[in-house]
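Pasted below: data_11.cif, mmCIF, C-alpha atoms and all ligand atoms.
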data_data
loop_
_atom_site.label_atom_id
_atom_site.label_comp_id
_atom_site.auth_asym_id
_atom_site.auth_seq_id
_atom_site.Cartn_x
_atom_site.Cartn_y
_atom_site.Cartn_z
CA MET J 230 32.30 98.71 82.68
CA ILE J 231 30.12 101.73 83.39
CA PRO J 232 29.42 101.53 87.15
CA HIS J 233 25.83 101.62 88.38
CA SER J 234 26.53 104.22 91.07
CA CYS J 235 29.57 106.17 92.15
CA PRO J 236 30.34 108.87 94.75
CA THR J 237 31.66 112.22 93.47
CA LEU J 238 34.76 113.11 95.48
CA GLY J 239 37.33 115.73 94.54
CA ARG J 240 40.09 118.00 95.75
CA ALA J 241 37.82 119.98 98.06
CA GLU J 242 36.83 116.79 99.92
CA GLU J 243 40.50 115.75 100.18
CA ALA J 244 41.50 119.16 101.55
CA SER J 245 38.69 119.22 104.07
CA VAL J 246 39.42 115.72 105.40
CA LEU J 247 43.17 116.41 105.50
CA LYS J 248 42.59 119.58 107.50
CA CYS J 249 40.45 117.63 109.93
CA LEU J 250 43.08 114.89 110.32
CA ARG J 251 45.81 117.45 110.94
CA SER J 252 43.72 119.16 113.60
CA GLY J 253 43.90 116.00 115.70
CA GLN J 254 40.12 116.23 116.32
CA ILE J 255 38.69 113.22 114.52
CA ALA J 256 35.72 112.10 116.67
CA MET J 257 32.59 114.21 117.15
CA GLY J 258 33.66 117.84 117.53
CA PRO J 259 33.58 121.21 115.78
CA GLN J 260 33.18 119.80 112.25
CA VAL J 261 30.03 117.91 113.27
CA GLU J 262 28.62 121.08 114.80
CA LYS J 263 29.40 123.06 111.65
CA PHE J 264 27.86 120.36 109.46
CA GLU J 265 24.67 120.29 111.53
CA GLN J 266 24.31 124.05 111.33
CA ALA J 267 24.99 124.13 107.59
CA PHE J 268 22.49 121.32 107.00
CA ALA J 269 19.78 122.95 109.10
CA GLY J 270 20.44 126.23 107.28
CA LYS J 271 20.27 124.62 103.84
CA PHE J 272 16.84 123.12 104.49
CA ALA J 273 15.65 126.01 106.67
CA VAL J 274 14.89 123.78 109.65
CA ARG J 275 15.37 124.73 113.26
CA ASP J 276 17.74 121.92 114.23
CA ALA J 277 19.61 118.95 112.78
CA ALA J 278 21.51 116.22 114.65
CA ALA J 279 24.25 114.34 112.79
CA VAL J 280 24.52 110.60 113.46
CA SER J 281 26.51 107.57 112.32
CA SER J 282 24.05 106.26 109.71
CA GLY J 283 20.58 106.56 108.26
CA THR J 284 19.60 103.46 110.20
CA ALA J 285 20.73 105.07 113.47
CA ALA J 286 18.74 108.18 112.49
CA LEU J 287 15.61 106.04 111.96
CA HIS J 288 16.11 104.27 115.29
CA LEU J 289 16.44 107.60 117.13
CA ALA J 290 13.46 109.09 115.28
CA LEU J 291 11.29 106.16 116.44
CA LEU J 292 12.57 106.41 120.02
CA ALA J 293 11.95 110.17 120.01
CA LEU J 294 8.30 109.40 119.18
CA ASP J 295 8.28 106.95 122.10
CA VAL J 296 7.75 103.91 119.86
CA LYS J 297 8.07 100.74 121.95
CA VAL J 298 6.92 97.15 122.48
CA GLY J 299 3.21 96.83 121.72
CA ASP J 300 3.21 99.67 119.16
CA GLU J 301 2.87 99.36 115.40
CA VAL J 302 4.78 101.29 112.77
CA ILE J 303 3.66 101.26 109.14
CA ILE J 304 6.41 101.04 106.52
CA PRO J 305 6.34 100.21 102.80
CA SER J 306 7.00 96.66 101.63
CA TYR J 307 9.16 97.93 98.77
CA VAL J 308 12.13 99.34 100.73
CA CYS J 309 15.48 98.20 102.14
CA THR J 310 15.64 96.27 105.42
CA ALA J 311 17.06 99.30 107.27
CA LEU J 312 13.48 100.40 108.02
CA LEU J 313 12.39 96.98 109.23
CA ASN J 314 15.49 96.73 111.43
CA ALA J 315 14.97 100.17 112.97
CA VAL J 316 11.37 99.29 113.89
CA HIS J 317 12.48 95.96 115.35
CA TYR J 318 15.25 97.64 117.43
CA THR J 319 12.46 99.37 119.36
CA GLY J 320 10.51 96.15 119.93
CA ALA J 321 7.52 97.49 117.97
CA ARG J 322 5.75 95.59 115.20
CA ALA J 323 6.30 96.60 111.58
CA VAL J 324 3.13 96.65 109.47
CA LEU J 325 3.72 96.67 105.73
CA ALA J 326 1.84 98.74 103.16
CA ASP J 327 2.04 98.27 99.41
CA VAL J 328 3.44 100.97 97.12
CA ASP J 329 2.26 103.05 94.20
CA ALA J 330 2.62 101.78 90.62
CA LEU J 331 3.37 105.39 89.67
CA ASP J 332 6.62 105.92 91.57
CA ALA J 333 7.20 103.02 94.03
CA ASN J 334 6.30 105.24 96.98
CA ILE J 335 4.20 104.07 99.93
CA LEU J 336 0.50 104.02 99.01
CA ALA J 337 -1.58 106.28 101.27
CA LEU J 338 -4.70 104.21 100.56
CA ASP J 339 -3.05 101.03 101.86
CA VAL J 340 -1.57 102.87 104.86
CA GLU J 341 -5.08 104.04 105.74
CA ARG J 342 -6.35 100.45 105.67
CA LYS J 343 -3.59 99.32 108.02
CA ILE J 344 -3.94 101.97 110.73
CA THR J 345 -5.06 100.56 114.09
CA ARG J 346 -5.25 102.00 117.61
CA ARG J 347 -1.66 100.80 118.06
CA THR J 348 -0.23 102.67 115.08
CA LYS J 349 2.39 105.07 116.44
CA ALA J 350 4.01 106.30 113.22
CA VAL J 351 4.35 105.85 109.47
CA ILE J 352 7.82 105.89 107.90
CA VAL J 353 7.65 107.54 104.48
CA PRO J 354 10.68 107.07 102.21
CA HIS J 355 10.89 109.15 99.05
CA MET J 356 11.91 106.37 96.70
CA PHE J 357 14.48 107.00 93.98
CA GLY J 358 14.54 110.69 94.96
CA ALA J 359 10.87 111.30 94.12
CA PRO J 360 8.61 112.74 96.84
CA ALA J 361 5.88 110.45 98.18
CA ASP J 362 2.21 111.43 98.38
CA LEU J 363 2.73 113.67 101.43
CA GLY J 364 -0.58 115.48 100.92
CA ALA J 365 -2.63 112.30 101.35
CA LEU J 366 -0.34 110.85 104.05
CA LEU J 367 -0.48 113.97 106.24
CA LYS J 368 -4.28 113.79 106.19
CA LEU J 369 -4.22 110.36 107.88
CA GLY J 370 -3.47 111.99 111.23
CA VAL J 371 -0.64 109.61 112.22
CA PRO J 372 2.83 111.09 112.92
CA LEU J 373 5.06 110.76 109.86
CA ILE J 374 8.77 110.03 109.86
CA GLU J 375 9.99 111.22 106.50
CA ASP J 376 12.90 109.11 105.24
CA SER J 377 14.71 111.40 102.81
CA ALA J 378 17.76 109.12 102.54
CA GLN J 379 17.38 109.14 98.74
CA ALA J 380 15.96 112.61 98.33
CA PRO J 381 17.80 115.55 99.98
CA GLY J 382 16.81 118.66 98.02
CA ALA J 383 13.65 117.16 96.50
CA ARG J 384 10.52 119.27 96.90
CA TYR J 385 6.86 118.63 97.46
CA ALA J 386 4.38 121.46 96.93
CA GLY J 387 7.37 123.80 96.73
CA LYS J 388 8.81 122.82 100.13
CA PRO J 389 11.87 120.60 100.67
CA VAL J 390 11.18 117.02 101.75
CA GLY J 391 12.40 116.33 105.25
CA THR J 392 10.36 119.25 106.59
CA PHE J 393 6.88 117.66 106.54
CA GLY J 394 7.21 114.84 109.07
CA ARG J 395 7.16 115.08 112.85
CA VAL J 396 10.73 113.74 112.61
CA ASN J 397 12.79 113.36 109.46
CA ILE J 398 15.93 111.49 108.54
CA PHE J 399 18.66 111.52 105.90
CA SER J 400 21.49 109.12 104.99
CA PHE J 401 24.96 109.94 103.71
CA TYR J 402 25.99 106.40 102.80
CA ALA J 403 28.67 106.28 100.08
CA THR J 404 26.28 105.96 97.13
CA LYS J 405 23.57 108.38 98.27
CA MET J 406 22.97 111.89 96.87
CA MET J 407 25.69 113.26 99.15
CA ALA J 408 28.18 111.02 100.91
CA THR J 409 30.21 110.84 104.10
CA GLY J 410 31.00 107.11 103.78
CA GLU J 411 28.52 106.27 106.51
CA GLY J 412 26.39 108.92 108.15
CA GLY J 413 22.93 110.29 108.72
CA MET J 414 20.94 113.23 110.04
CA VAL J 415 17.84 113.65 112.17
CA VAL J 416 15.79 116.78 111.61
CA SER J 417 12.75 118.11 113.44
CA SER J 418 11.25 121.48 114.24
CA ASP J 419 10.10 120.13 117.61
CA PRO J 420 12.72 121.02 120.28
CA LYS J 421 11.52 118.23 122.60
CA ILE J 422 12.11 115.62 119.90
CA MET J 423 15.54 117.00 119.12
CA ALA J 424 16.46 117.04 122.82
CA ARG J 425 15.57 113.33 123.06
CA VAL J 426 17.54 112.54 119.91
CA ARG J 427 20.62 114.38 121.18
CA ASP J 428 20.35 112.75 124.59
CA LEU J 429 20.17 109.23 123.12
CA LEU J 430 22.88 109.47 120.45
CA ASP J 431 25.75 109.83 122.95
CA TYR J 432 26.30 107.93 126.21
CA ASP J 433 28.88 110.04 127.97
CA HIS J 434 28.59 112.93 130.49
CA LYS J 435 25.01 112.17 131.54
CA PRO J 436 23.58 112.95 134.97
CA ASP J 437 21.50 109.73 135.05
CA TYR J 438 21.71 106.23 133.67
CA LYS J 439 19.46 104.77 131.00
CA VAL J 440 20.13 102.79 127.85
CA ARG J 441 21.70 105.16 125.36
CA PHE J 442 23.64 104.65 122.14
CA ASN J 443 26.86 105.58 120.46
CA TYR J 444 25.43 106.94 117.23
CA LYS J 445 27.79 109.91 116.95
CA MET J 446 29.11 111.10 113.59
CA THR J 447 32.87 111.63 113.38
CA ASP J 448 34.50 114.95 112.50
CA VAL J 449 36.19 113.19 109.56
CA ALA J 450 32.77 112.30 108.12
CA ALA J 451 31.42 115.78 108.86
CA ALA J 452 34.43 117.35 107.07
CA LEU J 453 33.37 115.37 104.00
CA GLY J 454 29.72 116.21 104.51
CA LEU J 455 30.35 119.96 104.64
CA VAL J 456 31.90 119.89 101.17
CA GLN J 457 29.30 117.50 99.74
CA LEU J 458 26.47 119.64 101.09
CA LYS J 459 27.86 122.66 99.22
CA ALA J 460 28.03 120.56 96.05
CA LEU J 461 24.54 119.07 96.41
CA GLY J 462 22.91 121.66 94.14
CA ALA J 463 25.42 121.05 91.35
CA PHE J 464 25.18 117.26 91.83
CA THR J 465 21.41 117.43 91.51
CA ALA J 466 21.55 119.66 88.42
CA ARG J 467 23.79 117.09 86.74
CA ARG J 468 21.45 114.21 87.68
CA LYS J 469 18.51 116.21 86.36
CA ALA J 470 20.26 116.73 83.02
CA ILE J 471 21.01 113.01 82.70
CA ALA J 472 17.41 112.11 83.61
CA ALA J 473 16.12 114.55 80.98
CA PHE J 474 18.46 113.01 78.41
CA TYR J 475 17.22 109.49 79.27
CA ASP J 476 13.57 110.67 79.21
CA GLU J 477 14.00 112.01 75.71
CA ALA J 478 16.22 109.27 74.28
CA LEU J 479 14.18 106.36 75.68
CA SER J 480 10.71 107.70 74.94
CA GLY J 481 8.77 105.56 72.51
CA LEU J 482 10.56 102.36 73.53
CA PRO J 483 8.51 99.47 74.93
CA CYS J 484 9.31 100.19 78.59
CA VAL J 485 7.88 102.37 81.36
CA LEU J 486 9.89 105.52 82.11
CA PRO J 487 9.88 107.26 85.53
CA LEU J 488 6.58 109.04 86.13
CA ARG J 489 6.13 112.18 88.18
CA ARG J 490 3.59 112.76 90.93
CA GLU J 491 1.75 116.06 90.80
CA GLY J 492 3.48 118.67 92.95
CA ALA J 493 6.67 116.60 93.21
CA GLN J 494 10.12 117.85 92.23
CA PRO J 495 12.42 114.80 92.30
CA VAL J 496 16.22 114.78 92.55
CA HIS J 497 16.76 111.68 90.36
CA TYR J 498 18.67 109.56 92.84
CA ARG J 499 17.78 106.56 90.67
CA TYR J 500 16.50 106.29 87.12
CA VAL J 501 14.31 103.20 87.18
CA ILE J 502 12.59 101.85 84.09
CA GLY J 503 9.98 99.10 83.96
CA VAL J 504 10.74 96.36 81.42
CA LYS J 505 8.16 93.90 80.13
CA GLY J 506 10.03 90.68 80.84
CA SER J 507 12.35 89.70 83.68
CA ALA J 508 14.41 92.54 85.16
CA ASP J 509 17.16 90.06 86.06
CA ARG J 510 17.50 88.93 82.46
CA PHE J 511 17.58 92.52 81.23
CA ILE J 512 20.23 93.46 83.80
CA ALA J 513 22.40 90.45 82.88
CA ALA J 514 22.22 91.45 79.20
CA MET J 515 23.19 95.06 80.03
CA VAL J 516 26.13 93.84 82.13
CA GLN J 517 27.21 91.79 79.08
CA LYS J 518 27.41 95.11 77.23
CA GLY J 519 29.62 96.61 79.94
CA ILE J 520 26.83 98.63 81.56
CA ALA J 521 26.16 97.89 85.22
CA CYS J 522 22.41 98.15 85.79
CA ALA J 523 20.85 96.87 89.00
CA ARG J 524 17.65 95.90 90.68
CA PRO J 525 16.76 99.05 92.62
CA LEU J 526 16.02 96.93 95.69
CA TYR J 527 17.61 93.66 96.76
CA ARG J 528 14.37 92.10 97.99
CA PRO J 529 11.06 93.59 99.20
CA LEU J 530 10.26 93.15 102.89
CA HIS J 531 7.15 91.00 102.44
CA GLN J 532 9.24 88.45 100.57
CA TYR J 533 11.74 88.30 103.46
CA LEU J 534 8.85 87.98 105.91
CA LYS J 535 7.12 85.41 103.65
CA ILE J 536 3.79 87.24 103.55
CA LYS J 537 1.62 87.87 100.53
CA GLY J 538 -0.65 90.66 99.32
CA PHE J 539 1.79 93.26 97.94
CA PRO J 540 1.20 92.98 94.20
CA VAL J 541 2.64 96.37 93.23
CA SER J 542 5.84 95.76 95.21
CA ASP J 543 6.15 92.42 93.40
CA GLN J 544 5.74 94.21 90.07
CA TRP J 545 8.51 96.67 90.89
CA MET J 546 10.69 93.79 92.01
CA ASP J 547 10.09 91.70 88.87
CA HIS J 548 10.33 94.48 86.28
CA GLY J 549 12.23 97.45 87.77
CA VAL J 550 15.68 98.14 86.32
CA SER J 551 17.91 100.92 87.65
CA LEU J 552 20.14 102.57 85.02
CA PRO J 553 23.45 104.31 85.87
CA ILE J 554 22.89 107.91 87.00
CA TYR J 555 25.33 110.00 89.05
CA PRO J 556 27.06 113.36 88.65
CA SER J 557 30.28 111.96 87.16
CA LEU J 558 28.49 109.92 84.46
CA THR J 559 29.66 111.45 81.16
CA LYS J 560 27.52 112.26 78.15
CA VAL J 561 29.32 109.54 76.18
CA GLN J 562 28.57 106.99 78.92
CA ALA J 563 24.92 108.08 79.06
CA GLN J 564 24.71 107.62 75.28
CA ARG J 565 26.13 104.10 75.66
CA VAL J 566 23.48 103.34 78.28
CA VAL J 567 20.77 104.54 75.91
CA ARG J 568 22.12 102.48 73.01
CA GLY J 569 22.26 99.41 75.26
CA VAL J 570 18.63 99.82 76.34
CA GLN J 571 17.51 100.53 72.76
CA SER J 572 19.19 97.45 71.36
CA LEU J 573 17.76 95.17 74.07
CA LEU J 574 14.23 96.54 73.75
CA THR J 575 14.06 96.68 69.97
CA GLY J 576 16.21 93.64 69.27
CA LYS J 577 18.27 95.77 66.91
CA GLY J 578 21.87 96.93 67.20
CA GLY J 579 20.70 100.32 68.37
CA ARG J 580 21.32 103.47 66.39
CA LYS J 581 24.84 104.71 66.26
C1 LIG I 1 20.06 104.02 102.48
C2 LIG I 1 18.73 104.10 103.06
C3 LIG I 1 18.52 103.90 104.43
C4 LIG I 1 19.60 103.45 105.37
O1 LIG I 1 20.66 104.35 105.49
P1 LIG I 1 22.09 103.85 106.04
O2 LIG I 1 22.85 105.12 106.14
O3 LIG I 1 22.65 102.91 105.02
O4 LIG I 1 21.87 103.20 107.35
C5 LIG I 1 17.23 104.05 104.91
N1 LIG I 1 16.21 104.37 104.11
C6 LIG I 1 16.36 104.55 102.79
C7 LIG I 1 15.18 104.92 101.95
C8 LIG I 1 17.63 104.41 102.21
O5 LIG I 1 17.77 104.58 100.89
#
Rewrite the structure of this file - the entire thing - as C-alpha cells.
Amino acid sequence: MIPHSCPTLGRAEEASVLKCLRSGQIAMGPQVEKFEQAFAGKFAVRDAAAVSSGTAALHLALLALDVKVGDEVIIPSYVCTALLNAVHYTGARAVLADVDALDANILALDVERKITRRTKAVIVPHMFGAPADLGALLKLGVPLIEDSAQAPGARYAGKPVGTFGRVNIFSFYATKMMATGEGGMVVSSDPKIMARVRDLLDYDHKPDYKVRFNYKMTDVAAALGLVQLKALGAFTARRKAIAAFYDEALSGLPCVLPLRREGAQPVHYRYVIGVKGSADRFIAAMVQKGIACARPLYRPLHQYLKIKGFPVSDQWMDHGVSLPIYPSLTKVQAQRVVRGVQSLLTGKGGRK
C-alpha cells in the first residue's frame, strides 16, 4: 500500500535526538531556544515562540489579541476542528465563512459579510499549502491570525506566509511539512504580543498569579525540529516536483486539478483533485488498488455544528480527493498513483 502521507526522518534526526537525550536536558531548554532562533531567522521575523502544538499556538495567538467571552472570531467552515476548539477555549464565538472554489481557502467576500462590531480576529489557514487571498483579507481591517500549519515556506506576493498576520502560527504535527511529532510555533513582529505569548505558555517562576498554561515544547521535539527546518527547502522542492508530475500526467482527465491563486507560491502540502462523483467511492476504489488516498478534511465545521449555507465547503467535502504527496514518495509510486487515477477516471486499465 502506498501511504497517503509520511514523515521524512533520517540519520540526522536520529543523531540530533540522541544527542539531546544524552545531554539529560529533555524538557524546554537550549534546543528550544536554538529552534526558535533558527525558525525566526529562516522566515526573517523578529521573534518566534515554540509551543506544544498548533492548537496551543492558536489558543495563545487568540489570547494575545485579548479574544474573550462576547467576542467573535471568523474562521473558515472547511478546516479541521483545531480552529473551532481554539476559539471555544477563549469563550468567544466562532463565526464561519465559506471557502473559495479555486483553492479551498477562506473567502474574503464571505468574511466581509460576517464582520460585526464584535469581530476580534479572522483566522486564515493556507489550505493544502496554498496561500489564501491575503491581499483582500488584509483590506478588511480586522486583525488576521495566519494559520500556516500546512504552508511553511509558501509565499504570497513574494513574501513568506506567516509574516502578514498580526499573529501567526505553525504546526509540526507528524504529517505536516516539517515534523516534531507534536509541536507548533507562534510568530509575530509585535513585541507586546510575543511577551504575552511567552508569559502564558509557561506557568512557573512568575511574580503574580493568573491562569496560565503548560504549552512548552520539549528539547527532544526541538532537536527534531532543528534538523527538519534545515531540510524544509529540499522537502518542498521534492513536493513541487511531484506536483508538477501530477499536473502534467493528469491534465486532460475529467477531474479538477489544483488551481493557483495569482501571486501565490504554494508548497504542495496536499495534492487535492476534484472528482465528478463521490469522493468516498473514488477513495475506496484507489485503496483497492493499493493507493491510500484520503478526504483532505474529516468533516467541515458547519456539518458538525449542523448549520447550512456553506455550499463551496460542501462541494470540497463531496468531491475533494487527496493523492499521496510527500518527499519520500518515489517516482515509481507517483506513476502508480497516476495510473490508478487514469484507470478510474477513464474506465480503462490505464496506460502502462
Ligand atoms: C494541523 C493543523 C492545525 C492543528 O495543529 P496541531 O499541531 O495538530 O494542533 C491547525 N490548523 C491547520 C490548518 C492544520 O492543518
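Residues lying within 9 Å of Ala273 (chain J), counting all atoms listed in the file and ignoring same-chain neighbours fewer than 5 positions away, are Phe268, Pro389 and Thr392 of chain J.
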Query - Shell around Lys439 (chain J) at 12 Å using all atoms listed in the file, local window under 6 positions removed, as a ChimeraX atom specification - result: /J:428-429,431-433
Requested in this report: List all protein, DNA and RNA residues that have at least one atom no more than 6 Å from any atom of ligand LIG 1 (chain I), counting all atoms listed in the file, and write them as a list in words.
Outcome: Ser282, Gly283, Thr284, Ala311, Pro354, Asp376, Ala378, Gln379, Ser400, Phe401, Tyr402, Glu411, Gly412 and Gly413 of chain J
Report task. Point out the residue among J:Thr404, J:Thr575, J:Thr559, J:Gln544 with the least atom-to-atom distance to Ser507 (chain J), counting only C-alpha atoms. Result -> J:Gln544
**Report entry** Residue neighbourhood Lys505 (chain J), 10 Å, all atoms listed in the file, exclusion window fewer than 3 positions, as a list in words
**Finding:** Pro483, Cys484, Val485, Ile502, Ala508, Phe511, Asp547, His548, Gly549 and Leu574 of chain J
Query raised in the report: From the set J:Thr465, J:Gln260, J:Thr409, J:Gln517, which residue has the shortest atom-to-atom contact distance to Ala383 (chain J), counting all atoms listed in the file?
Result: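 Using all atoms listed in the file, Ala383 (chain J) sits closest to J:Thr465.
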Query raised in the report: List as a list of chain:residue names: which residues have an atom within 8 Å of (8.7, 114.8, 97.2), counting only C-alpha atoms?
Result: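 Looking at atoms near the point gives J:His355, J:Gly358, J:Ala359, J:Pro360, J:Ala361, J:Asp362, J:Leu363, J:Ala380, J:Ala383, J:Arg384, J:Tyr385, J:Ala386, J:Pro389, J:Val390, J:Gly492, J:Ala493, J:Gln494, J:Pro495.
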File dump, residues just selected, C-alpha atoms, as a short mmCIF file (atom, residue, chain, number, x, y, z; two decimals), in the coordinates of the input:
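File produced: part.cif:
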data_model
loop_
_atom_site.label_atom_id
_atom_site.label_comp_id
_atom_site.auth_asym_id
_atom_site.auth_seq_id
_atom_site.Cartn_x
_atom_site.Cartn_y
_atom_site.Cartn_z
CA HIS J 355 10.89 109.15 99.05
CA GLY J 358 14.54 110.69 94.96
CA ALA J 359 10.87 111.30 94.12
CA PRO J 360 8.61 112.74 96.84
CA ALA J 361 5.88 110.45 98.18
CA ASP J 362 2.21 111.43 98.38
CA LEU J 363 2.73 113.67 101.43
CA ALA J 380 15.96 112.61 98.33
CA ALA J 383 13.65 117.16 96.50
CA ARG J 384 10.52 119.27 96.90
CA TYR J 385 6.86 118.63 97.46
CA ALA J 386 4.38 121.46 96.93
CA PRO J 389 11.87 120.60 100.67
CA VAL J 390 11.18 117.02 101.75
CA GLY J 492 3.48 118.67 92.95
CA ALA J 493 6.67 116.60 93.21
CA GLN J 494 10.12 117.85 92.23
CA PRO J 495 12.42 114.80 92.30
#
Query raised in the report: So what do you get for CA of Arg490 (chain J) versus CA of Val504 (chain J), distance-wise?
Result: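 About the pair CA of Arg490 (chain J) and CA of Val504 (chain J): they are 20.3 Å apart.
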Query - From J:His497, J:Arg427, J:Lys368, J:Arg565, residue lying nearest Ala277 (chain J) [all atoms listed in the file] - result: J:Arg427
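Among the candidates J:Val415, J:Ala514, J:Ala521, J:Leu331, the one nearest to Val541 (chain J) when counting all atoms listed in the file is J:Leu331.
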**Report entry** Atom pair CA of Ser245 (chain J) / CA of Ala452 (chain J): separation (Å)
**Finding:** 5.5 Å
Polymer residues at most 6 Å from region 454-456 of chain J, only C-alpha atoms, same-chain spacing of 2 or more positions, as a PDB file with C-alpha atoms, in the frame of the given file:
ATOM      1  CA  GLU J 242      36.830 116.790  99.920  1.00  0.00           C
ATOM      2  CA  PHE J 264      27.860 120.360 109.460  1.00  0.00           C
ATOM      3  CA  THR J 409      30.210 110.840 104.100  1.00  0.00           C
ATOM      4  CA  ALA J 451      31.420 115.780 108.860  1.00  0.00           C
ATOM      5  CA  ALA J 452      34.430 117.350 107.070  1.00  0.00           C
ATOM      6  CA  LEU J 458      26.470 119.640 101.090  1.00  0.00           C
ATOM      7  CA  LYS J 459      27.860 122.660  99.220  1.00  0.00           C
TER       8      LYS J 459
END
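Comparing the minimum interatomic distances between Met515 (chain J) and each of J:Leu534, J:Phe357, J:Leu558, J:Pro232, counting all atoms listed in the file, we find that J:Pro232 sits nearest.
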**Report entry** Nearby residues (all atoms listed in the file) at most 8 Å from Asp300 (chain J), same-chain spacing under 3 positions excluded, as a ChimeraX atom specification
**Finding:** /J:296-297,321-322,347-349
Report task. Please measure the separation of CA of Arg395 (chain J) and CA of Ile335 (chain J), giving the value in Å to one decimal. Result ->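 Atom-to-atom, CA of Arg395 (chain J) to CA of Ile335 (chain J), that is 17.2 Å.
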Would you compute an axis-aligned box for region 375-378 of chain J, covering every atom listed for it in the file with 8 Å of margin on each side, and report centre and edge lengths in Å to one decimal as lines of an AutoDock Vina configuration file?
center_x = 13.9
center_y = 110.3
center_z = 104.5
size_x = 23.8
size_y = 18.3
size_z = 20.0
